[in-house]
file structure.cif (mmCIF, C-alpha atoms)
data_query
loop_
_atom_site.group_PDB
_atom_site.id
_atom_site.type_symbol
_atom_site.label_atom_id
_atom_site.label_comp_id
_atom_site.auth_asym_id
_atom_site.auth_seq_id
_atom_site.Cartn_x
_atom_site.Cartn_y
_atom_site.Cartn_z
ATOM 1 C CA MET I 1454 -26.337 13.064 -17.757
ATOM 2 C CA LYS I 1455 -23.108 11.393 -18.725
ATOM 3 C CA GLU I 1456 -21.713 8.850 -16.327
ATOM 4 C CA LYS I 1457 -18.583 9.870 -14.440
ATOM 5 C CA PHE I 1458 -15.297 8.363 -15.505
ATOM 6 C CA ARG I 1459 -14.040 5.391 -13.502
ATOM 7 C CA LEU I 1460 -10.727 3.605 -13.885
ATOM 8 C CA LYS I 1461 -11.214 0.078 -15.175
ATOM 9 C CA LEU I 1462 -9.112 -1.866 -12.726
ATOM 10 C CA THR I 1463 -9.486 -5.450 -11.596
ATOM 11 C CA ASP I 1464 -7.262 -5.001 -8.539
ATOM 12 C CA TRP I 1465 -6.314 -1.417 -7.802
ATOM 13 C CA THR I 1466 -4.182 -2.430 -4.839
ATOM 14 C CA LYS I 1467 -1.493 -3.796 -7.183
ATOM 15 C CA ILE I 1468 -0.819 -0.457 -8.865
ATOM 16 C CA PRO I 1469 2.474 1.071 -7.721
ATOM 17 C CA ILE I 1470 2.075 4.441 -6.023
ATOM 18 C CA GLU I 1471 4.719 5.919 -8.341
ATOM 19 C CA THR I 1472 2.644 4.930 -11.382
ATOM 20 C CA ALA I 1473 -0.494 6.445 -9.882
ATOM 21 C CA GLN I 1474 1.446 9.626 -9.067
ATOM 22 C CA LEU I 1475 2.711 9.808 -12.666
ATOM 23 C CA LEU I 1476 -0.853 9.440 -13.968
ATOM 24 C CA LEU I 1477 -2.045 12.139 -11.569
ATOM 25 C CA ASP I 1478 0.735 14.507 -12.673
ATOM 26 C CA GLU I 1479 -0.115 13.923 -16.342
ATOM 27 C CA SER I 1480 -3.812 14.466 -15.741
ATOM 28 C CA ASN I 1481 -3.016 17.675 -13.830
ATOM 29 C CA GLU I 1482 -1.025 18.872 -16.831
ATOM 30 C CA TYR I 1483 -3.931 18.179 -19.158
ATOM 31 C CA VAL I 1484 -6.407 19.963 -16.877
ATOM 32 C CA SER I 1485 -4.021 22.936 -16.958
ATOM 33 C CA TYR I 1486 -3.948 22.729 -20.758
ATOM 34 C CA THR I 1487 -7.756 22.844 -20.995
ATOM 35 C CA VAL I 1488 -7.834 25.852 -18.662
ATOM 36 C CA ALA I 1489 -5.142 27.622 -20.745
ATOM 37 C CA PHE I 1490 -7.092 26.878 -23.939
ATOM 38 C CA ALA I 1491 -10.192 28.444 -22.376
ATOM 39 C CA GLU I 1492 -8.120 31.525 -21.569
ATOM 40 C CA LYS I 1493 -7.057 31.779 -25.222
ATOM 41 C CA ILE I 1494 -10.700 31.694 -26.322
ATOM 42 C CA THR I 1495 -11.496 34.405 -23.777
ATOM 43 C CA GLN I 1496 -8.595 36.567 -25.004
ATOM 44 C CA ARG I 1497 -9.825 36.235 -28.585
ATOM 45 C CA GLY I 1498 -13.269 37.256 -27.389
ATOM 46 C CA TYR I 1499 -11.768 40.351 -25.751
ATOM 47 C CA ALA I 1500 -9.915 41.247 -28.952
ATOM 48 C CA PHE I 1501 -13.113 40.736 -30.912
ATOM 49 C CA SER I 1502 -14.891 43.065 -28.453
ATOM 50 C CA VAL I 1503 -12.385 45.837 -29.125
ATOM 51 C CA ILE I 1504 -12.991 45.553 -32.876
ATOM 52 C CA ILE I 1505 -16.770 45.561 -32.443
ATOM 53 C CA ILE I 1506 -16.707 48.529 -30.059
ATOM 54 C CA ALA I 1507 -14.577 50.482 -32.532
ATOM 55 C CA ALA I 1508 -16.998 49.633 -35.352
ATOM 56 C CA ILE I 1509 -20.024 50.658 -33.278
ATOM 57 C CA GLY I 1510 -18.289 53.887 -32.300
ATOM 58 C CA GLY I 1511 -17.445 54.733 -35.899
ATOM 59 C CA LEU I 1512 -20.921 53.907 -37.137
ATOM 60 C CA LEU I 1513 -22.579 55.907 -34.358
ATOM 61 C CA GLY I 1514 -20.284 58.850 -35.067
ATOM 62 C CA LYS I 1515 -21.264 58.831 -38.713
ATOM 63 C CA LEU I 1516 -24.913 58.255 -37.855
ATOM 64 C CA LEU I 1517 -25.046 61.251 -35.528
ATOM 65 C CA THR I 1518 -23.427 63.587 -38.065
ATOM 66 C CA ILE I 1519 -25.773 62.838 -40.961
ATOM 67 C CA LYS I 1520 -28.002 65.717 -41.995
ATOM 68 C CA ILE I 1521 -31.097 64.316 -43.628
ATOM 69 C CA GLU I 1522 -31.801 66.588 -46.560
ATOM 70 C CA THR I 1523 -32.381 64.135 -49.414
ATOM 71 C CA SER I 1524 -33.850 60.672 -49.811
ATOM 72 C CA PHE I 1525 -30.265 59.372 -50.187
ATOM 73 C CA ASP I 1526 -29.439 60.757 -46.739
ATOM 74 C CA CYS I 1527 -32.528 59.054 -45.344
ATOM 75 C CA ALA I 1528 -31.589 55.701 -46.878
ATOM 76 C CA LEU I 1529 -28.022 56.066 -45.627
ATOM 77 C CA PHE I 1530 -29.325 56.926 -42.160
ATOM 78 C CA TRP I 1531 -31.430 53.736 -42.052
ATOM 79 C CA LEU I 1532 -28.578 51.614 -43.387
ATOM 80 C CA LEU I 1533 -26.221 52.933 -40.727
ATOM 81 C CA SER I 1534 -28.903 52.491 -38.057
ATOM 82 C CA LEU I 1535 -29.355 48.886 -39.104
ATOM 83 C CA SER I 1536 -25.601 48.308 -39.038
ATOM 84 C CA VAL I 1537 -25.358 49.753 -35.516
ATOM 85 C CA ILE I 1538 -28.150 47.432 -34.366
ATOM 86 C CA VAL I 1539 -26.475 44.398 -35.943
ATOM 87 C CA MET I 1540 -23.103 45.271 -34.393
ATOM 88 C CA PHE I 1541 -24.790 45.788 -31.034
ATOM 89 C CA LEU I 1542 -26.400 42.331 -31.262
ATOM 90 C CA ILE I 1543 -23.056 40.801 -32.209
ATOM 91 C CA SER I 1544 -21.462 42.493 -29.199
ATOM 92 C CA ILE I 1545 -24.145 40.989 -26.931
ATOM 93 C CA LEU I 1546 -23.376 37.531 -28.331
ATOM 94 C CA ASN I 1547 -19.673 38.181 -27.802
ATOM 95 C CA THR I 1548 -20.314 39.168 -24.198
ATOM 96 C CA GLN I 1549 -22.076 35.850 -23.679
ATOM 97 C CA LEU I 1550 -18.956 34.171 -25.019
ATOM 98 C CA ILE I 1551 -16.744 35.860 -22.457
ATOM 99 C CA PHE I 1552 -19.017 36.177 -19.398
ATOM 100 C CA PRO I 1553 -19.892 33.882 -17.768
ATOM 101 C CA PHE I 1554 -18.318 30.662 -18.809
ATOM 102 C CA ALA I 1555 -18.058 27.489 -16.784
ATOM 103 C CA LEU I 1556 -14.727 25.844 -16.269
ATOM 104 C CA ILE I 1557 -13.326 23.463 -13.718
ATOM 105 C CA GLN I 1558 -9.907 24.441 -12.420
ATOM 106 C CA LYS I 1559 -7.098 22.187 -11.261
ATOM 107 C CA GLY I 1560 -7.365 20.965 -7.682
ATOM 108 C CA ARG I 1561 -10.286 20.727 -5.281
ATOM 109 C CA SER I 1562 -11.533 22.808 -2.414
ATOM 110 C CA LEU I 1563 -10.760 21.623 1.080
ATOM 111 C CA GLU I 1564 -14.484 21.327 1.731
ATOM 112 C CA LYS I 1565 -14.627 18.459 -0.753
ATOM 113 C CA ILE I 1566 -11.575 16.546 0.412
ATOM 114 C CA GLY I 1567 -11.179 17.604 4.029
ATOM 115 C CA ASN I 1568 -13.266 14.896 5.627
ATOM 116 C CA GLN I 1569 -12.579 11.660 7.449
ATOM 117 C CA ASN I 1570 -13.850 9.351 4.704
ATOM 118 C CA TYR I 1571 -11.658 10.945 2.066
ATOM 119 C CA LEU I 1572 -8.462 11.565 4.023
ATOM 120 C CA ALA I 1573 -8.428 8.438 6.173
ATOM 121 C CA PRO I 1574 -10.830 5.801 4.874
ATOM 122 C CA SER I 1575 -11.730 3.422 7.683
ATOM 123 C CA HIS I 1576 -11.743 0.359 5.430
ATOM 124 C CA LEU I 1577 -8.052 0.869 4.559
ATOM 125 C CA LYS I 1578 -5.678 0.129 7.419
ATOM 126 C CA ASP I 1579 -2.463 0.530 5.418
ATOM 127 C CA LYS I 1580 -1.192 4.104 4.915
ATOM 128 C CA ASN I 1581 0.124 3.270 1.427
ATOM 129 C CA MET I 1582 -3.244 1.876 0.343
ATOM 130 C CA SER I 1583 -4.931 4.993 1.655
ATOM 131 C CA HIS I 1584 -2.495 7.159 -0.342
ATOM 132 C CA LEU I 1585 -3.021 5.037 -3.472
ATOM 133 C CA SER I 1586 -6.789 5.269 -3.037
ATOM 134 C CA PHE I 1587 -6.500 9.053 -2.808
ATOM 135 C CA LEU I 1588 -4.325 9.220 -5.955
ATOM 136 C CA LEU I 1589 -6.700 7.054 -7.974
ATOM 137 C CA ALA I 1590 -9.706 9.114 -6.865
ATOM 138 C CA GLU I 1591 -7.907 12.283 -7.965
ATOM 139 C CA ILE I 1592 -7.045 10.735 -11.333
ATOM 140 C CA GLU I 1593 -10.724 9.928 -11.910
ATOM 141 C CA ASN I 1594 -11.697 13.416 -10.768
ATOM 142 C CA ASN I 1595 -9.184 15.000 -13.163
ATOM 143 C CA GLN I 1596 -10.519 12.975 -16.085
ATOM 144 C CA ASN I 1597 -14.023 14.245 -15.341
ATOM 145 C CA LYS I 1598 -12.652 17.802 -15.226
ATOM 146 C CA ILE I 1599 -10.884 17.282 -18.553
ATOM 147 C CA GLU I 1600 -14.035 16.017 -20.254
ATOM 148 C CA TYR I 1601 -16.114 18.876 -18.863
ATOM 149 C CA ASN I 1602 -13.562 21.526 -19.858
ATOM 150 C CA GLN I 1603 -13.201 20.078 -23.347
ATOM 151 C CA ASN I 1604 -16.982 20.216 -23.855
ATOM 152 C CA GLU I 1605 -17.176 23.805 -22.597
ATOM 153 C CA ASN I 1606 -14.205 24.868 -24.730
ATOM 154 C CA LEU I 1607 -15.768 23.288 -27.808
ATOM 155 C CA LYS I 1608 -19.056 25.141 -27.215
ATOM 156 C CA ARG I 1609 -17.257 28.459 -26.750
ATOM 157 C CA LEU I 1610 -15.033 27.881 -29.786
ATOM 158 C CA LYS I 1611 -18.098 27.192 -31.954
ATOM 159 C CA GLN I 1612 -19.722 30.370 -30.656
ATOM 160 C CA LEU I 1613 -16.573 32.381 -31.433
ATOM 161 C CA LYS I 1614 -16.492 30.973 -34.972
ATOM 162 C CA ARG I 1615 -20.165 31.909 -35.456
ATOM 163 C CA LEU I 1616 -19.466 35.463 -34.307
ATOM 164 C CA ILE I 1617 -16.517 35.836 -36.642
ATOM 165 C CA PHE I 1618 -18.647 34.458 -39.474
ATOM 166 C CA LEU I 1619 -21.408 36.976 -38.680
ATOM 167 C CA VAL I 1620 -18.980 39.870 -38.857
ATOM 168 C CA ILE I 1621 -17.373 38.577 -42.037
ATOM 169 C CA ILE I 1622 -20.792 38.204 -43.677
ATOM 170 C CA SER I 1623 -22.313 41.441 -42.375
ATOM 171 C CA PHE I 1624 -19.502 43.712 -43.582
ATOM 172 C CA PRO I 1625 -19.863 42.843 -47.300
ATOM 173 C CA ILE I 1626 -23.661 42.990 -47.029
ATOM 174 C CA PHE I 1627 -23.528 46.523 -45.650
ATOM 175 C CA LEU I 1628 -20.868 47.529 -48.164
ATOM 176 C CA VAL I 1629 -22.941 46.229 -51.091
ATOM 177 C CA SER I 1630 -26.058 47.889 -49.651
ATOM 178 C CA TYR I 1631 -24.223 51.202 -49.425
ATOM 179 C CA ILE I 1632 -22.981 50.889 -53.008
ATOM 180 C CA VAL I 1633 -26.490 50.028 -54.235
ATOM 181 C CA ILE I 1634 -28.050 52.949 -52.374
ATOM 182 C CA PHE I 1635 -25.320 55.288 -53.614
ATOM 183 C CA THR I 1636 -25.761 54.061 -57.197
ATOM 184 C CA ILE I 1637 -29.567 54.353 -57.118
ATOM 185 C CA TYR I 1638 -29.510 57.906 -55.823
ATOM 186 C CA GLN I 1639 -26.775 59.017 -58.220
ATOM 187 C CA LEU I 1640 -28.859 58.113 -61.265
#
call {"tool": "encode", "arguments": {"input": "structure.cif", "output": "structure tokens"}}
result
Amino acid sequence: MKEKFRLKLTDWTKIPIETAQLLLDESNEYVSYTVAFAEKITQRGYAFSVIIIAAIGGLLGKLLTIKIETSFDCALFWLLSLSVIVMFLISILNTQLIFPFALIQKGRSLEKIGNQNYLAPSHLKDKNMSHLSFLLAEIENNQNKIEYNQNENLKRLKQLKRLIFLVIISFPIFLVSYIVIFTIYQL
């Protein structure tokens, strides 16, 4: 497992609280950006789902209305059946893209920070040093969140690209197969 991020400071007590607060605010903004980016990926996955559901519905509608009277009808039936199965598998992969996905949100639960060691460290007698210690710990925590969210977003983005590629490739394959079957049975 990757080691958690730590600030490389020789003497953290010399950092002004205002500087630490600025760093914390910036890191909070970036955590928010990674969460918003994850939402965009999810929205694209939802849009992709609508397209796939429409395609499955259309294919199933055609499949259920086919009367198998000739060998061409039989071949068309199997081609449409195969296309429904492929679209169904793509929709399962798309569902895995959307649900569930791991993401770390901005902030922390009170269970994690609501304890004596975190809120009032006994080794720090000065209130300003305690506040600075808290800010620096939150900066490190935010950087870990950023790295985690970036990795998760990259995985989900790659999966979305693969799904789009599958749909782009499968449509021409089924179109060419239909044309070939139609041509063979028209001869």
call {"tool": "atom_distance", "arguments": {"input": "structure.cif", "atom1": "atom CA of I:Thr1518", "atom2": "atom CA of I:Leu1533"}}
result
11.3 Å
call {"tool": "resolve_selection", "arguments": {"input": "structure.cif", "expression": "the PyMOL selection byres ((chain I and resi 1581) around 12)", "output": "CSV table (one decimal) with C-alpha atoms, in the frame of the given file"}}
result
chain,number,residue,atom,x,y,z
I,1466,THR,CA,-4.2,-2.4,-4.8
I,1467,LYS,CA,-1.5,-3.8,-7.2
I,1468,ILE,CA,-0.8,-0.5,-8.9
I,1469,PRO,CA,2.5,1.1,-7.7
I,1470,ILE,CA,2.1,4.4,-6.0
I,1471,GLU,CA,4.7,5.9,-8.3
I,1473,ALA,CA,-0.5,6.4,-9.9
I,1573,ALA,CA,-8.4,8.4,6.2
I,1574,PRO,CA,-10.8,5.8,4.9
I,1577,LEU,CA,-8.1,0.9,4.6
I,1578,LYS,CA,-5.7,0.1,7.4
I,1579,ASP,CA,-2.5,0.5,5.4
I,1580,LYS,CA,-1.2,4.1,4.9
I,1582,MET,CA,-3.2,1.9,0.3
I,1583,SER,CA,-4.9,5.0,1.7
I,1584,HIS,CA,-2.5,7.2,-0.3
I,1585,LEU,CA,-3.0,5.0,-3.5
I,1586,SER,CA,-6.8,5.3,-3.0
I,1587,PHE,CA,-6.5,9.1,-2.8
I,1588,LEU,CA,-4.3,9.2,-6.0
call {"tool": "resolve_selection", "arguments": {"input": "structure.cif", "expression": "the PyMOL selection byres ((chain I and resi 1479-1484) around 7)", "output": "VMD selection string"}}
result
chain I and resid 1475 to 1478 1485 to 1488 1559 1592 1595 to 1596 1598 to 1599
call {"tool": "atom_distance", "arguments": {"input": "structure.cif", "atom1": "atom CA of I:Leu1535", "atom2": "atom CA of I:Lys1520"}}
result
17.1 Å
call {"tool": "closest_residue", "arguments": {"input": "structure.cif", "among": "I:Phe1458, I:Lys1515, I:Ile1506, I:Phe1501", "to": "I:Glu1600", "atoms": "only C-alpha atoms"}}
result
I:Phe1458
call {"tool": "atom_distance", "arguments": {"input": "structure.cif", "atom1": "atom CA of I:Leu1546", "atom2": "atom CA of I:Leu1512"}}
result
18.8 Å
call {"tool": "residues_near_point", "arguments": {"input": "structure.cif", "point": "(-20.8, 36.6, -21.1)", "cutoff": "12 Å", "atoms": "all atoms listed in the file", "output": "PyMOL selection string"}}
result
chain I and resi 1495+1498-1499+1502+1544-1555+1609+1612-1613
call {"tool": "write_last_selection", "arguments": {"input": "structure.cif", "atoms": "C-alpha atoms", "output": "short mmCIF file (atom, residue, chain, number, x, y, z; two decimals), in the frame of the given file"}}
result
data_model
loop_
_atom_site.label_atom_id
_atom_site.label_comp_id
_atom_site.auth_asym_id
_atom_site.auth_seq_id
_atom_site.Cartn_x
_atom_site.Cartn_y
_atom_site.Cartn_z
CA THR I 1495 -11.50 34.40 -23.78
CA GLY I 1498 -13.27 37.26 -27.39
CA TYR I 1499 -11.77 40.35 -25.75
CA SER I 1502 -14.89 43.06 -28.45
CA SER I 1544 -21.46 42.49 -29.20
CA ILE I 1545 -24.14 40.99 -26.93
CA LEU I 1546 -23.38 37.53 -28.33
CA ASN I 1547 -19.67 38.18 -27.80
CA THR I 1548 -20.31 39.17 -24.20
CA GLN I 1549 -22.08 35.85 -23.68
CA LEU I 1550 -18.96 34.17 -25.02
CA ILE I 1551 -16.74 35.86 -22.46
CA PHE I 1552 -19.02 36.18 -19.40
CA PRO I 1553 -19.89 33.88 -17.77
CA PHE I 1554 -18.32 30.66 -18.81
CA ALA I 1555 -18.06 27.49 -16.78
CA ARG I 1609 -17.26 28.46 -26.75
CA GLN I 1612 -19.72 30.37 -30.66
CA LEU I 1613 -16.57 32.38 -31.43
#
call {"tool": "closest_residue", "arguments": {"input": "structure.cif", "among": "I:Ile1632, I:Val1620, I:Ile1637, I:Ala1500", "to": "I:Ile1543", "atoms": "all atoms listed in the file"}}
result
I:Val1620
call {"tool": "closest_residue", "arguments": {"input": "structure.cif", "among": "I:Asn1602, I:Tyr1631, I:Gln1639, I:Leu1542", "to": "I:Leu1616", "atoms": "all atoms listed in the file"}}
result
I:Leu1542
call {"tool": "residues_around", "arguments": {"input": "structure.cif", "residues": "stretch 1527-1531 of chain I", "least_positions_apart": "5", "cutoff": "10 Å", "atoms": "all atoms listed in the file", "output": "list of chain:residue names"}}
result
I:Lys1515, I:Leu1516, I:Leu1517, I:Thr1518, I:Ile1519, I:Lys1520, I:Ile1521, I:Glu1522, I:Ser1536, I:Val1537, I:Ser1630, I:Tyr1631, I:Ile1634, I:Phe1635, I:Tyr1638
call {"tool": "axis_aligned_box", "arguments": {"input": "structure.cif", "around": "stretch 1493-1508 of chain I", "padding_each_side": "6 Å", "output": "lines of an AutoDock Vina configuration file"}}
result
center_x = -12.0
center_y = 41.1
center_z = -29.6
size_x = 21.9
size_y = 30.8
size_z = 23.6
call {"tool": "closest_residue", "arguments": {"input": "structure.cif", "among": "I:Ala1489, I:Leu1460, I:Ile1494, I:Ile1626", "to": "I:Leu1610", "atoms": "only C-alpha atoms"}}
result
I:Ile1494
call {"tool": "closest_residue", "arguments": {"input": "structure.cif", "among": "I:Phe1618, I:Thr1472, I:Gly1510, I:Tyr1601", "to": "I:Gln1558", "atoms": "all atoms listed in the file"}}
result
I:Tyr1601
call {"tool": "decode", "arguments": {"input": "structure.cif", "residues": "stretch 1602-1621 of chain I", "atoms": "N, CA and C atoms", "output": "mmCIF file, in the first residue's frame"}}
result
data_model
loop_
_atom_site.group_PDB
_atom_site.id
_atom_site.type_symbol
_atom_site.label_atom_id
_atom_site.label_comp_id
_atom_site.auth_asym_id
_atom_site.auth_seq_id
_atom_site.Cartn_x
_atom_site.Cartn_y
_atom_site.Cartn_z
ATOM 1 N N ASN I 1602 -8.817 10.122 -4.690
ATOM 2 C CA ASN I 1602 -9.862 10.492 -5.644
ATOM 3 C C ASN I 1602 -9.340 10.518 -7.074
ATOM 4 N N GLN I 1603 -8.130 11.009 -7.263
ATOM 5 C CA GLN I 1603 -7.555 11.036 -8.609
ATOM 6 C C GLN I 1603 -7.391 9.613 -9.153
ATOM 7 N N ASN I 1604 -6.927 8.699 -8.322
ATOM 8 C CA ASN I 1604 -6.773 7.302 -8.755
ATOM 9 C C ASN I 1604 -8.122 6.686 -9.102
ATOM 10 N N GLU I 1605 -9.125 6.907 -8.268
ATOM 11 C CA GLU I 1605 -10.456 6.364 -8.536
ATOM 12 C C GLU I 1605 -11.054 6.980 -9.796
ATOM 13 N N ASN I 1606 -10.894 8.284 -9.969
ATOM 14 C CA ASN I 1606 -11.421 8.944 -11.167
ATOM 15 C C ASN I 1606 -10.746 8.420 -12.424
ATOM 16 N N LEU I 1607 -9.450 8.189 -12.352
ATOM 17 C CA LEU I 1607 -8.725 7.658 -13.509
ATOM 18 C C LEU I 1607 -9.218 6.263 -13.872
ATOM 19 N N LYS I 1608 -9.442 5.412 -12.871
ATOM 20 C CA LYS I 1608 -9.968 4.065 -13.132
ATOM 21 C C LYS I 1608 -11.337 4.140 -13.794
ATOM 22 N N ARG I 1609 -12.207 4.987 -13.259
ATOM 23 C CA ARG I 1609 -13.567 5.099 -13.793
ATOM 24 C C ARG I 1609 -13.559 5.715 -15.191
ATOM 25 N N LEU I 1610 -12.669 6.665 -15.433
ATOM 26 C CA LEU I 1610 -12.582 7.282 -16.754
ATOM 27 C C LEU I 1610 -12.105 6.273 -17.788
ATOM 28 N N LYS I 1611 -11.141 5.431 -17.419
ATOM 29 C CA LYS I 1611 -10.682 4.368 -18.326
ATOM 30 C C LYS I 1611 -11.812 3.389 -18.619
ATOM 31 N N GLN I 1612 -12.597 3.049 -17.604
ATOM 32 C CA GLN I 1612 -13.706 2.128 -17.811
ATOM 33 C C GLN I 1612 -14.757 2.761 -18.722
ATOM 34 N N LEU I 1613 -15.032 4.044 -18.562
ATOM 35 C CA LEU I 1613 -15.991 4.722 -19.429
ATOM 36 C C LEU I 1613 -15.494 4.741 -20.869
ATOM 37 N N LYS I 1614 -14.216 4.994 -21.073
ATOM 38 C CA LYS I 1614 -13.650 4.982 -22.424
ATOM 39 C C LYS I 1614 -13.759 3.596 -23.057
ATOM 40 N N ARG I 1615 -13.515 2.546 -22.266
ATOM 41 C CA ARG I 1615 -13.643 1.177 -22.781
ATOM 42 C C ARG I 1615 -15.087 0.892 -23.205
ATOM 43 N N LEU I 1616 -16.034 1.340 -22.403
ATOM 44 C CA LEU I 1616 -17.441 1.113 -22.746
ATOM 45 C C LEU I 1616 -17.831 1.837 -24.022
ATOM 46 N N ILE I 1617 -17.400 3.063 -24.155
ATOM 47 C CA ILE I 1617 -17.698 3.818 -25.374
ATOM 48 C C ILE I 1617 -17.057 3.126 -26.577
ATOM 49 N N PHE I 1618 -15.840 2.661 -26.410
ATOM 50 C CA PHE I 1618 -15.148 1.943 -27.482
ATOM 51 C C PHE I 1618 -15.912 0.677 -27.859
ATOM 52 N N LEU I 1619 -16.410 -0.064 -26.868
ATOM 53 C CA LEU I 1619 -17.178 -1.277 -27.150
ATOM 54 C C LEU I 1619 -18.426 -0.970 -27.976
ATOM 55 N N VAL I 1620 -19.112 0.086 -27.628
ATOM 56 C CA VAL I 1620 -20.319 0.441 -28.370
ATOM 57 C C VAL I 1620 -19.962 0.892 -29.780
ATOM 58 N N ILE I 1621 -18.911 1.694 -29.886
ATOM 59 C CA ILE I 1621 -18.499 2.176 -31.206
ATOM 60 C C ILE I 1621 -18.072 1.015 -32.107
#
